[in-house]
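Everything on this sheet refers to the single structure shown next.
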Amino acid sequence: MKQLWVRFSLIIGSVIMIVAVLPTVVFALLLRYNRLPMQDGILERLPLDAEQFATIRSLILQGIARDVFVGIAFSLIIGVVVGVSLSRMVARPLTMLEDGAKAIAGGDLTHRVDVLGSEEMRSVGIAFNEMARKLEEAERLRSHLLADVAHELRHPLQILRGNLQAILDGVYELEMEEIGRLFQQTQHLTRLINDLHELAQAEAQQLPLSMGSVDVGKLVGDVVNIYRPMAVSQNVQLGLEPFKGRILISADASRLRQALSNLLHNALQNTPANGEICVFIAENGKNVEIMVKDSGKGISAEHLPYVFDRFYRGDPSRQRNGSGTGLGLAITQAIITAHHGQIQVSSEGRNAGTQFTLVLPRQV
């Protein structure tokens, strides 16, 4: 009785039996109590005495009773067969979902269920498969993240350990220059840990934001001016397209500077000497767009969907140097998402430049 299909079988079989037997029972009762108008009229026309009339009438009633019994038995058999068939058909999608849930709980994230049954059951099946797909993707990202974090932490730690061991063994003298190199590795570790902490906060929707009214033109101009000396030193032309007017948005100015700084830093890393980087500001309905376009290495089409992934290094043209943690674009995306905005990327391919666009809602 604990199986769902057994309960369905009893319910469906009972309904079918009742529907099939009820008319027969009603007919028999009407006949038994002389409620059928033609019942005795036919017998009365026959040349029968009272005893013969009673005998024939008794035989008719016995035949009807037998027919009712046979009908009940036949209806019961049909009801059971049809009930079991229908119940298994109805319960099959639920049974598959149960098996699928057990498989997912057991760690088989590749398990999918067949989409069967009514429209509601099909919707549940589709939702289940989508949930399983997202869990599988999340597990894949988690595994890759752990491997990447271990890799990123291992490299500076190995340098620190090797150099300190060399100093202890007397291979190097403890000089200020060597202390400076070791200090740089500690700074790299600190940046990596801080970046990972910010991403964790953003994913948990706990990234602290100090919202206020921000003048987009002024903020973008300030960030661009900070990076002009670096651009000059790399022989890269960094320009800001003039924007007339004043656009206000509700944002955390510090976080927004961080996001824009990450984009400019990324552009400078991937733009060779004699290249150009241009920053635009535009209004687009209820949104404001901040675009950073460079003439650098570009991004292949197959790698565009992954540029915001942590530590992503699939495209050789975007390999980072040792100055970054590989989390800048992921953090930028997290910051913009926390502001209810979007970040977009486009590129014509290798050596064709790249454009990043920040889309933020205007202040109401």
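Following the order of the structure tokens, first chain is A, next is B, and so on, with residues numbered from 1 inside each chain and ligands from 1 in the order they appear.
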
Report the residues of stretch 134-274 of chain A whose backbone DSSP state falls under helix (DSSP H, G or I), written as a ChimeraX atom specification.
/A:134-168,176-203,216-233,253-269

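For the choices A:Val236, A:Leu153, A:Glu119, A:Ala352, the atom-to-atom distance to A:Leu196 is smallest for A:Leu153 when using only C-alpha atoms.
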
Between atom CA of A:Leu260 and atom CA of A:Asn274, measure the distance and give it in Å to one decimal.
22.1 Å

State, in Å with one decimal place, the distance from atom CA of A:Ala105 to atom CA of A:Met121.
20.8 Å

Within 9 Å of stretch 293-303 of chain A, counting only C-alpha atoms, which residues show up once you throw out same-chain ones fewer than 2 positions away? Write them as an MDAnalysis selection string, please.
chainID A and resid 267:272 275:280 291 305:307 314:315 317:318 346:357

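Between A:Arg255 and the candidates A:Glu178, A:Glu136, A:Asp309, A:Glu198, the tightest atom-to-atom separation, counting only C-alpha atoms, involves A:Glu198.
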
What lies within 9 Å of A:Leu329 using only C-alpha atoms, ignoring chain neighbours under 2 positions off, as a ChimeraX atom specification?
/A:259,262-263,266,307-310,326-327,331-334

I need the residues from that last selection saved to file as a PDB file, in the first residue's frame (with N, CA and C atoms), if you can.
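Heads up, here's the output in again-v5.pdb:
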ATOM      1  N   ALA A 259      36.010  48.486 -10.640  1.00  0.00           N
ATOM      2  CA  ALA A 259      35.604  47.760 -11.842  1.00  0.00           C
ATOM      3  C   ALA A 259      36.204  48.388 -13.093  1.00  0.00           C
ATOM      4  N   ASN A 262      39.922  47.752 -13.320  1.00  0.00           N
ATOM      5  CA  ASN A 262      40.224  46.399 -13.790  1.00  0.00           C
ATOM      6  C   ASN A 262      40.161  46.321 -15.308  1.00  0.00           C
ATOM      7  N   LEU A 263      39.164  46.995 -15.908  1.00  0.00           N
ATOM      8  CA  LEU A 263      39.047  46.971 -17.365  1.00  0.00           C
ATOM      9  C   LEU A 263      40.213  47.699 -18.035  1.00  0.00           C
ATOM     10  N   ASN A 266      43.338  45.604 -17.663  1.00  0.00           N
ATOM     11  CA  ASN A 266      43.278  44.487 -18.595  1.00  0.00           C
ATOM     12  C   ASN A 266      43.580  44.944 -20.016  1.00  0.00           C
ATOM     13  N   VAL A 307      35.488  34.585 -20.673  1.00  0.00           N
ATOM     14  CA  VAL A 307      36.478  35.585 -20.248  1.00  0.00           C
ATOM     15  C   VAL A 307      36.250  36.059 -18.818  1.00  0.00           C
ATOM     16  N   PHE A 308      35.039  35.872 -18.290  1.00  0.00           N
ATOM     17  CA  PHE A 308      34.766  36.314 -16.920  1.00  0.00           C
ATOM     18  C   PHE A 308      34.932  35.183 -15.907  1.00  0.00           C
ATOM     19  N   ASP A 309      35.341  34.015 -16.367  1.00  0.00           N
ATOM     20  CA  ASP A 309      35.593  32.910 -15.442  1.00  0.00           C
ATOM     21  C   ASP A 309      36.896  33.148 -14.684  1.00  0.00           C
ATOM     22  N   ARG A 310      36.926  32.695 -13.436  1.00  0.00           N
ATOM     23  CA  ARG A 310      38.126  32.876 -12.618  1.00  0.00           C
ATOM     24  C   ARG A 310      39.292  32.082 -13.191  1.00  0.00           C
ATOM     25  N   GLY A 326      44.446  36.944 -12.039  1.00  0.00           N
ATOM     26  CA  GLY A 326      43.529  36.207 -12.901  1.00  0.00           C
ATOM     27  C   GLY A 326      42.089  36.313 -12.469  1.00  0.00           C
ATOM     28  N   LEU A 327      41.778  37.251 -11.563  1.00  0.00           N
ATOM     29  CA  LEU A 327      40.423  37.383 -11.036  1.00  0.00           C
ATOM     30  C   LEU A 327      39.797  38.746 -11.344  1.00  0.00           C
ATOM     31  N   ILE A 331      35.866  39.695 -10.845  1.00  0.00           N
ATOM     32  CA  ILE A 331      35.471  40.654  -9.811  1.00  0.00           C
ATOM     33  C   ILE A 331      34.676  41.800 -10.428  1.00  0.00           C
ATOM     34  N   THR A 332      35.110  42.257 -11.593  1.00  0.00           N
ATOM     35  CA  THR A 332      34.383  43.333 -12.277  1.00  0.00           C
ATOM     36  C   THR A 332      32.954  42.912 -12.559  1.00  0.00           C
ATOM     37  N   GLN A 333      32.766  41.717 -13.066  1.00  0.00           N
ATOM     38  CA  GLN A 333      31.416  41.220 -13.332  1.00  0.00           C
ATOM     39  C   GLN A 333      30.593  41.149 -12.041  1.00  0.00           C
ATOM     40  N   ALA A 334      31.214  40.682 -10.946  1.00  0.00           N
ATOM     41  CA  ALA A 334      30.506  40.584  -9.670  1.00  0.00           C
ATOM     42  C   ALA A 334      30.082  41.964  -9.171  1.00  0.00           C
TER      43      ALA A 334
END

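Straight-line separation from atom CA of A:Ser213 to atom CA of A:Ala338: 15.9 Å.
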
Near A:Phe128, counting only C-alpha atoms, which residues have an atom at most 12 Å away, once you skip same-chain residues fewer than 4 positions from it, shown as a PyMOL selection string?
chain A and resi 93-94+96-101+104+109-115+121-124+132-135

Mind writing the picked residues with N, CA and C atoms as a compact mmCIF listing (two decimals), in the first residue's frame?
# COMPACT_ATOMS: atom_id res chain seq x y z
N PRO A 93 6.33 8.67 -14.38
CA PRO A 93 7.17 9.88 -14.29
C PRO A 93 7.60 10.19 -12.86
N LEU A 94 6.69 9.98 -11.88
CA LEU A 94 7.05 10.24 -10.49
C LEU A 94 8.11 9.26 -10.00
N MET A 96 10.34 7.82 -11.89
CA MET A 96 11.60 8.22 -12.53
C MET A 96 12.22 9.41 -11.81
N LEU A 97 11.37 10.35 -11.41
CA LEU A 97 11.89 11.51 -10.66
C LEU A 97 12.48 11.07 -9.32
N GLU A 98 11.82 10.10 -8.67
CA GLU A 98 12.35 9.59 -7.41
C GLU A 98 13.72 8.93 -7.62
N ASP A 99 13.82 8.12 -8.67
CA ASP A 99 15.11 7.48 -8.97
C ASP A 99 16.17 8.52 -9.32
N GLY A 100 15.74 9.54 -10.06
CA GLY A 100 16.68 10.60 -10.42
C GLY A 100 17.17 11.37 -9.22
N ALA A 101 16.26 11.66 -8.29
CA ALA A 101 16.66 12.38 -7.07
C ALA A 101 17.64 11.55 -6.25
N ILE A 104 21.03 11.74 -8.01
CA ILE A 104 21.69 13.03 -7.77
C ILE A 104 22.24 13.08 -6.35
N LEU A 109 25.74 13.31 -10.90
CA LEU A 109 25.17 14.55 -11.41
C LEU A 109 24.92 14.51 -12.91
N THR A 110 25.33 13.44 -13.58
CA THR A 110 25.07 13.30 -15.01
C THR A 110 23.70 12.67 -15.29
N HIS A 111 23.02 12.23 -14.23
CA HIS A 111 21.73 11.54 -14.41
C HIS A 111 20.66 12.51 -14.91
N ARG A 112 19.88 12.05 -15.89
CA ARG A 112 18.76 12.82 -16.40
C ARG A 112 17.54 11.91 -16.47
N VAL A 113 16.35 12.50 -16.40
CA VAL A 113 15.10 11.72 -16.47
C VAL A 113 14.44 11.96 -17.82
N ASP A 114 13.68 10.95 -18.26
CA ASP A 114 12.89 11.12 -19.48
C ASP A 114 11.71 12.03 -19.20
N VAL A 115 11.43 12.91 -20.14
CA VAL A 115 10.31 13.85 -19.99
C VAL A 115 9.06 13.17 -20.51
N MET A 121 3.64 17.19 -15.48
CA MET A 121 4.74 16.28 -15.20
C MET A 121 5.92 16.54 -16.12
N ARG A 122 5.65 16.89 -17.36
CA ARG A 122 6.73 17.21 -18.30
C ARG A 122 7.48 18.46 -17.84
N SER A 123 6.74 19.44 -17.32
CA SER A 123 7.38 20.65 -16.80
C SER A 123 8.29 20.32 -15.62
N VAL A 124 7.80 19.42 -14.74
CA VAL A 124 8.61 19.00 -13.60
C VAL A 124 9.87 18.28 -14.08
N ALA A 132 19.63 19.46 -12.52
CA ALA A 132 20.77 18.53 -12.55
C ALA A 132 21.91 19.10 -13.39
N ARG A 133 21.56 19.74 -14.51
CA ARG A 133 22.59 20.33 -15.37
C ARG A 133 23.34 21.44 -14.64
N LYS A 134 22.60 22.28 -13.92
CA LYS A 134 23.25 23.37 -13.20
C LYS A 134 24.10 22.85 -12.05
N LEU A 135 23.62 21.80 -11.38
CA LEU A 135 24.43 21.20 -10.32
C LEU A 135 25.72 20.61 -10.87

With distances taken over only C-alpha atoms, which residue among A:Asn129, A:Gln185, A:Thr337, A:Thr55 lies nearest A:Leu207?
A:Thr337
